[in-house]
Amino acid sequence: MSEMYQKEVPLYGDLIDLVSEVNTEVLNKQPEIKQQLEHTGEIDRLNMERHGAIRLGTAAELSMMRRLFAVMGMYPVGYYDLAPAGVPVHSTAFRALETSSLNKSPFRVFTSLLRLDLIDDEALKQEAMAALDKRTIFTDNVISLIERFEEQGGLTAEDAKQFVKEALETFRWHDNTPVSKVLYQQLLSQHGLIADVVGFKGPHINHLTPRTLDIDAVQAGMQAKGIPPKAIIEGPPRRRCPILLRQTSFKALEEAVSFKNPNGGYETGHHTARFGEIEQRGVALTPKGRALYDQLLSQARRQLAVTPNADNASEYYQILESAFAAFPDDYQTLHDEGLAYFYYQAVDSNTDNAPTLDSIDVEDVNDPLSRHMVTGLLEQGMIRLEPIVYEDFLPVSAAGIFQSNLHDDSTNDSANGNENGGKQSKGEVHTNKEAFENALGAQVYDELALYQTLQAQSLKACLANLNNKALNGVI
């Protein structure tokens with residue numbers, strides 16, 4: 001997919017080169033970051049870590065897409081409603097679930113389903129539905145291979161190779177559109193994303209995303225290399241201990257397309273939607289941490305009072321940094337205050353702590369006594385903390401990226417929203433999630449529950465490891 005996208009959008013290849021240069025410099029100048037990535041197993045996947053984004057038009061497309069991604073061990077994680085932030089979709093992210101699988105294949109696809117119910121023109125809504133009903137975004141061969149996978153529980157090497165070839169056709173760019181220029185313009189007047197979904201033959205990749213260790217350096221580097229960046233880096237401010245996700249992109253390119261006319265021919269036009277994104281990932285936050293993050297982000301946006309854009313970028317960053325001074329910026333405090341998730345790893349030591357280790361109940365790592373013992377082990381230096389990287393997304397940030405590449409930064413109506421569903425009530429979010437899962441044909445995984453499980457598993461394994469060493473007289 002990356003190779004295909006670089007051919008379709010050559011500027012994306014330039015972006016990958018820039019990110020690689022920045023990452024190399026960070027690893028050379030900050031060995032502690034390299035060591036951290038080695039401890040968590042992320043170092044080998046750094047340069048291959050990307051996410052992509054696609055937009056689907058119907059429930060049937062979403063359901064089949066779920067089955068397609070399952071062939072690759074990717075499952076729907078998280079629910080994101082972008083409508084409160086001015087984008088008429090709701091979404092999930094298909095990705096692997098286990099750390100070992102993510103380290104082997106960290107690719108994610110942020111997958112959005114168009115909400116046609118948000119089109120207020122009933123006649124236009126019917127035309128859009130008719131256009132979507134006419135298209136088929138999957139090849140017959142890939143559907144056959146999906147069914148074979150489901151029947152057999154896997155694919156042969158030859159079938160897997162054919163599957164990749166056939167699946168890529170779903171995500172390929174097509175510059176001949178199945179709709180008229182008039183209909184496209186009507187859809188565009190409703191929202192650029194609606195035109196991007198309904199106006200084309202399939203869910204072309206609208207962006208791919210390399211991971212950087214210093215997004216501020218990449219932002220400056222894009223400007224220096226003549227790659228036009230969006231005005232605002234979405235997400236939290238720059239920190240010593242990164243949290244969640246920061247994102248930026250280069251502006252979407254204007255591309256020539258051909259619209260179908262009533263005579264069966266085509267007329268020329270243009271479309272703007274595809275771009276290159278960059279992400280910097282930090283530690284995953286607990287519900288308590290997410291609540292604090294939302295509070296501080298909303299506080300900063302309320303203080304700015306308008307949507308962050310090129311004209312107020314410097315002011316917004318200053319406000320954001322001031323607001324987030326209330327968010328602890330060291331891993332130990334983030335751990336002790338229950339704000340973030342961590343791996344626990346045993347540290348080789350000659351200290352005789354066998355009695356302490358014997359008293360830990362590794363079957364119940366959340367037991368208060370056990371937690372107290374863990375604190376003691378951390379203080380003694382027998383256990384170290386390593387951040388669990390945030391593998392998922394933020395709806396307000398995603399909306400900001402989408403909007404800036406459909407029109408401009410000023411159209412993002414999310415100034416007072418937060419990352420847990422914007423301005424909607426809990427009931428509305430719940431109803432929309434149910435509708436999305438009905439279309440998906442499955443429930444989405446709770447990303448916070450996944451991080452909690454990873455942390456608990458790592459602690460249990462760490463304590464068992466130390467107990468074994470104590471029993472064997474190693475420590």
# chains A, B, ... in the order shown; residues from 1 in each chain; ligands from 1
call {"tool": "residues_around", "arguments": {"residues": "Ile146 of chain A", "least_positions_apart": "2", "cutoff": "8 Å", "atoms": "only C-alpha atoms", "output": "PyMOL selection string"}}
result
chain A and resi 67-68+71+142-144+148-150
call {"tool": "write_last_selection", "arguments": {"atoms": "C-alpha atoms", "output": "PDB file, in the first residue's frame"}}
result
ATOM      1  CA  ARG A  67     -13.893  -9.200   7.061  1.00  0.00           C
ATOM      2  CA  LEU A  68     -11.072  -8.129   4.721  1.00  0.00           C
ATOM      3  CA  VAL A  71      -7.621 -11.823   7.105  1.00  0.00           C
ATOM      4  CA  VAL A 142     -10.836 -10.834  -3.000  1.00  0.00           C
ATOM      5  CA  ILE A 143     -14.329 -11.734  -1.757  1.00  0.00           C
ATOM      6  CA  SER A 144     -13.684 -15.368  -2.698  1.00  0.00           C
ATOM      7  CA  ARG A 148     -11.885 -19.137   1.804  1.00  0.00           C
ATOM      8  CA  PHE A 149     -10.016 -17.668   4.772  1.00  0.00           C
ATOM      9  CA  GLU A 150     -13.142 -17.805   6.909  1.00  0.00           C
TER      10      GLU A 150
END
call {"tool": "closest_atom_pairs", "arguments": {"of": "segment 250-279 of chain A", "to": "segment 48-62 of chain A", "cutoff": "9 Å", "atoms": "only C-alpha atoms", "output": "Markdown table"}}
result
| residue | atom | partner | partner_atom | distance |
| --- | --- | --- | --- | --- |
| A:Glu277 | CA | A:Gly52 | CA | 8.9 |
| A:Ile278 | CA | A:Arg50 | CA | 8.7 |
| A:Glu279 | CA | A:Arg50 | CA | 8.4 |
call {"tool": "closest_residue", "arguments": {"among": "A:Ala131, A:Met72, A:Leu18, A:Ala456", "to": "Ala217 of chain A", "atoms": "only C-alpha atoms"}}
result
A:Leu18
call {"tool": "atom_distance", "arguments": {"atom1": "atom CA of Thr212 of chain A", "atom2": "atom CA of Gly235 of chain A"}}
result
14.5 Å
call {"tool": "atom_distance", "arguments": {"atom1": "atom CA of Val389 of chain A", "atom2": "atom CA of Tyr445 of chain A"}}
result
17.0 Å
call {"tool": "residues_around", "arguments": {"residues": "Asp117 of chain A", "least_positions_apart": "4", "cutoff": "12 Å", "atoms": "only C-alpha atoms", "output": "mmCIF file with N, CA, C and O atoms, in the first residue's frame"}}
result
data_model
loop_
_atom_site.group_PDB
_atom_site.id
_atom_site.type_symbol
_atom_site.label_atom_id
_atom_site.label_comp_id
_atom_site.auth_asym_id
_atom_site.auth_seq_id
_atom_site.Cartn_x
_atom_site.Cartn_y
_atom_site.Cartn_z
ATOM 1 N N GLY A 57 -18.926 4.338 2.220
ATOM 2 C CA GLY A 57 -20.217 4.972 2.015
ATOM 3 C C GLY A 57 -21.413 4.217 2.554
ATOM 4 O O GLY A 57 -22.455 4.818 2.823
ATOM 5 N N THR A 58 -21.308 2.888 2.711
ATOM 6 C CA THR A 58 -22.469 2.092 3.102
ATOM 7 C C THR A 58 -22.121 1.078 4.181
ATOM 8 O O THR A 58 -20.954 0.717 4.381
ATOM 9 N N ALA A 83 -18.798 13.775 13.915
ATOM 10 C CA ALA A 83 -19.854 14.722 13.558
ATOM 11 C C ALA A 83 -19.880 15.965 14.457
ATOM 12 O O ALA A 83 -20.083 17.068 13.963
ATOM 13 N N PRO A 88 -18.971 14.740 8.832
ATOM 14 C CA PRO A 88 -20.142 13.844 8.850
ATOM 15 C C PRO A 88 -19.813 12.356 8.716
ATOM 16 O O PRO A 88 -20.291 11.668 7.820
ATOM 17 N N VAL A 89 -18.978 11.855 9.631
ATOM 18 C CA VAL A 89 -18.632 10.434 9.639
ATOM 19 C C VAL A 89 -18.502 9.962 11.083
ATOM 20 O O VAL A 89 -18.339 10.766 12.004
ATOM 21 N N HIS A 90 -18.580 8.649 11.269
ATOM 22 C CA HIS A 90 -18.076 8.040 12.492
ATOM 23 C C HIS A 90 -17.182 6.882 12.092
ATOM 24 O O HIS A 90 -17.298 6.329 10.997
ATOM 25 N N LEU A 113 -17.181 5.760 8.228
ATOM 26 C CA LEU A 113 -18.435 5.492 7.520
ATOM 27 C C LEU A 113 -19.197 6.806 7.383
ATOM 28 O O LEU A 113 -19.462 7.495 8.370
ATOM 29 N N ASP A 121 -30.448 18.046 2.502
ATOM 30 C CA ASP A 121 -31.216 18.118 1.255
ATOM 31 C C ASP A 121 -31.675 16.704 0.907
ATOM 32 O O ASP A 121 -30.875 15.852 0.510
ATOM 33 N N GLU A 122 -32.985 16.424 1.064
ATOM 34 C CA GLU A 122 -33.491 15.068 0.894
ATOM 35 C C GLU A 122 -33.258 14.539 -0.515
ATOM 36 O O GLU A 122 -32.887 13.371 -0.699
ATOM 37 N N LEU A 124 -30.889 15.397 -2.640
ATOM 38 C CA LEU A 124 -29.459 15.145 -2.793
ATOM 39 C C LEU A 124 -29.061 13.876 -2.048
ATOM 40 O O LEU A 124 -28.246 13.080 -2.535
ATOM 41 N N LYS A 125 -29.665 13.668 -0.884
ATOM 42 C CA LYS A 125 -29.386 12.452 -0.119
ATOM 43 C C LYS A 125 -29.764 11.216 -0.930
ATOM 44 O O LYS A 125 -29.010 10.233 -0.968
ATOM 45 N N GLN A 126 -30.900 11.245 -1.595
ATOM 46 C CA GLN A 126 -31.334 10.114 -2.403
ATOM 47 C C GLN A 126 -30.393 9.870 -3.578
ATOM 48 O O GLN A 126 -30.095 8.730 -3.924
ATOM 49 N N ALA A 128 -27.208 10.632 -3.647
ATOM 50 C CA ALA A 128 -25.976 10.095 -3.077
ATOM 51 C C ALA A 128 -26.125 8.610 -2.775
ATOM 52 O O ALA A 128 -25.228 7.800 -3.079
ATOM 53 N N MET A 129 -27.257 8.226 -2.199
ATOM 54 C CA MET A 129 -27.504 6.818 -1.891
ATOM 55 C C MET A 129 -27.541 5.981 -3.160
ATOM 56 O O MET A 129 -27.005 4.871 -3.211
ATOM 57 N N ILE A 194 -18.140 14.426 1.899
ATOM 58 C CA ILE A 194 -19.242 13.723 1.226
ATOM 59 C C ILE A 194 -18.923 13.558 -0.254
ATOM 60 O O ILE A 194 -19.111 12.480 -0.836
ATOM 61 N N ASN A 432 -25.269 6.464 18.387
ATOM 62 C CA ASN A 432 -24.478 6.450 17.163
ATOM 63 C C ASN A 432 -23.522 5.263 17.138
ATOM 64 O O ASN A 432 -23.292 4.659 16.091
ATOM 65 N N ALA A 435 -25.420 2.197 16.133
ATOM 66 C CA ALA A 435 -25.688 2.202 14.698
ATOM 67 C C ALA A 435 -24.441 1.812 13.922
ATOM 68 O O ALA A 435 -24.508 1.053 12.934
#
call {"tool": "closest_residue", "arguments": {"among": "A:Ala157, A:Leu385, A:Leu116, A:Ala461", "to": "Thr40 of chain A", "atoms": "only C-alpha atoms"}}
result
A:Leu385
call {"tool": "residues_around", "arguments": {"residues": "Leu37 of chain A", "least_positions_apart": "5", "cutoff": "10 Å", "atoms": "only C-alpha atoms", "output": "ChimeraX atom specification"}}
result
/A:27,31-32,42-46,386-387,389
call {"tool": "residues_around", "arguments": {"residues": "Gly78 of chain A", "least_positions_apart": "4", "cutoff": "9 Å", "atoms": "only C-alpha atoms", "output": "PDB file with C-alpha atoms, in the first residue's frame"}}
result
ATOM      1  CA  SER A  91     -15.112   5.727  12.564  1.00  0.00           C
ATOM      2  CA  THR A  92     -13.042   2.924  14.009  1.00  0.00           C
ATOM      3  CA  ALA A  93      -9.415   1.878  13.590  1.00  0.00           C
ATOM      4  CA  PHE A  94      -8.516  -1.574  12.315  1.00  0.00           C
ATOM      5  CA  ASP A 392      -5.170   4.724  18.607  1.00  0.00           C
ATOM      6  CA  PHE A 393      -6.636   8.093  17.616  1.00  0.00           C
ATOM      7  CA  VAL A 444     -15.561  -2.537  18.500  1.00  0.00           C
ATOM      8  CA  TYR A 445     -12.854  -3.268  21.059  1.00  0.00           C
ATOM      9  CA  ASP A 446     -12.482  -0.822  23.955  1.00  0.00           C
ATOM     10  CA  GLU A 447      -8.984   0.607  23.503  1.00  0.00           C
ATOM     11  CA  LEU A 448      -8.648   1.603  27.175  1.00  0.00           C
TER      12      LEU A 448
END
call {"tool": "residues_around", "arguments": {"residues": "Ala231 of chain A", "least_positions_apart": "2", "cutoff": "7 Å", "atoms": "only C-alpha atoms", "output": "ChimeraX atom specification"}}
result
/A:229,233,309-310,313
call {"tool": "write_last_selection", "arguments": {"atoms": "N, CA and C atoms", "output": "PDB file, in the first residue's frame"}}
result
ATOM      1  N   PRO A 229       3.024  22.506   4.779  1.00  0.00           N
ATOM      2  CA  PRO A 229       2.405  21.889   5.957  1.00  0.00           C
ATOM      3  C   PRO A 229       1.101  22.565   6.331  1.00  0.00           C
ATOM      4  N   ILE A 233      -0.219  21.836  14.488  1.00  0.00           N
ATOM      5  CA  ILE A 233       0.015  20.458  14.923  1.00  0.00           C
ATOM      6  C   ILE A 233      -1.109  20.105  15.894  1.00  0.00           C
ATOM      7  N   ASN A 309      -5.598  28.344  13.726  1.00  0.00           N
ATOM      8  CA  ASN A 309      -5.281  28.415  12.296  1.00  0.00           C
ATOM      9  C   ASN A 309      -3.961  29.116  12.099  1.00  0.00           C
ATOM     10  N   ALA A 310      -3.602  29.373  10.853  1.00  0.00           N
ATOM     11  CA  ALA A 310      -2.287  29.947  10.538  1.00  0.00           C
ATOM     12  C   ALA A 310      -2.090  31.313  11.183  1.00  0.00           C
ATOM     13  N   ALA A 313      -1.563  30.642  15.192  1.00  0.00           N
ATOM     14  CA  ALA A 313      -0.843  29.427  15.588  1.00  0.00           C
ATOM     15  C   ALA A 313       0.080  29.670  16.774  1.00  0.00           C
TER      16      ALA A 313
END
call {"tool": "atom_distance", "arguments": {"atom1": "atom CA of Gln162 of chain A", "atom2": "atom CA of Val9 of chain A"}}
result
24.4 Å
call {"tool": "select_by_dssp", "arguments": {"residues": "segment 180-359 of chain A", "states": "strand (DSSP E)", "output": "PyMOL selection string"}}
result
chain A and resi 207-210+245-250+254-260+266-272+275-281+342-346
call {"tool": "closest_residue", "arguments": {"among": "A:Lys225, A:Lys134, A:Arg239, A:Arg172", "to": "Val198 of chain A", "atoms": "only C-alpha atoms"}}
result
A:Lys134
call {"tool": "residues_around", "arguments": {"residues": "Ala256 of chain A", "least_positions_apart": "4", "cutoff": "10 Å", "atoms": "only C-alpha atoms", "output": "ChimeraX atom specification"}}
result
/A:175-176,268-272
call {"tool": "write_last_selection", "arguments": {"atoms": "N, CA and C atoms", "output": "mmCIF file, in the first residue's frame"}}
result
data_model
loop_
_atom_site.group_PDB
_atom_site.id
_atom_site.type_symbol
_atom_site.label_atom_id
_atom_site.label_comp_id
_atom_site.auth_asym_id
_atom_site.auth_seq_id
_atom_site.Cartn_x
_atom_site.Cartn_y
_atom_site.Cartn_z
ATOM 1 N N ASP A 175 -9.119 8.223 -11.277
ATOM 2 C CA ASP A 175 -9.394 9.629 -11.589
ATOM 3 C C ASP A 175 -10.607 9.812 -12.500
ATOM 4 N N ASN A 176 -11.182 8.715 -13.004
ATOM 5 C CA ASN A 176 -12.459 8.794 -13.721
ATOM 6 C C ASN A 176 -13.582 8.541 -12.722
ATOM 7 N N THR A 268 -13.445 17.345 -17.829
ATOM 8 C CA THR A 268 -12.364 17.544 -16.872
ATOM 9 C C THR A 268 -12.810 18.364 -15.663
ATOM 10 N N GLY A 269 -12.107 18.158 -14.566
ATOM 11 C CA GLY A 269 -12.328 18.909 -13.348
ATOM 12 C C GLY A 269 -11.181 18.639 -12.394
ATOM 13 N N HIS A 270 -11.352 18.955 -11.130
ATOM 14 C CA HIS A 270 -10.297 18.669 -10.158
ATOM 15 C C HIS A 270 -10.912 18.326 -8.808
ATOM 16 N N HIS A 271 -10.091 17.683 -7.968
ATOM 17 C CA HIS A 271 -10.534 17.226 -6.645
ATOM 18 C C HIS A 271 -9.372 17.392 -5.683
ATOM 19 N N THR A 272 -9.674 17.760 -4.450
ATOM 20 C CA THR A 272 -8.636 17.961 -3.434
ATOM 21 C C THR A 272 -8.999 17.161 -2.195
#
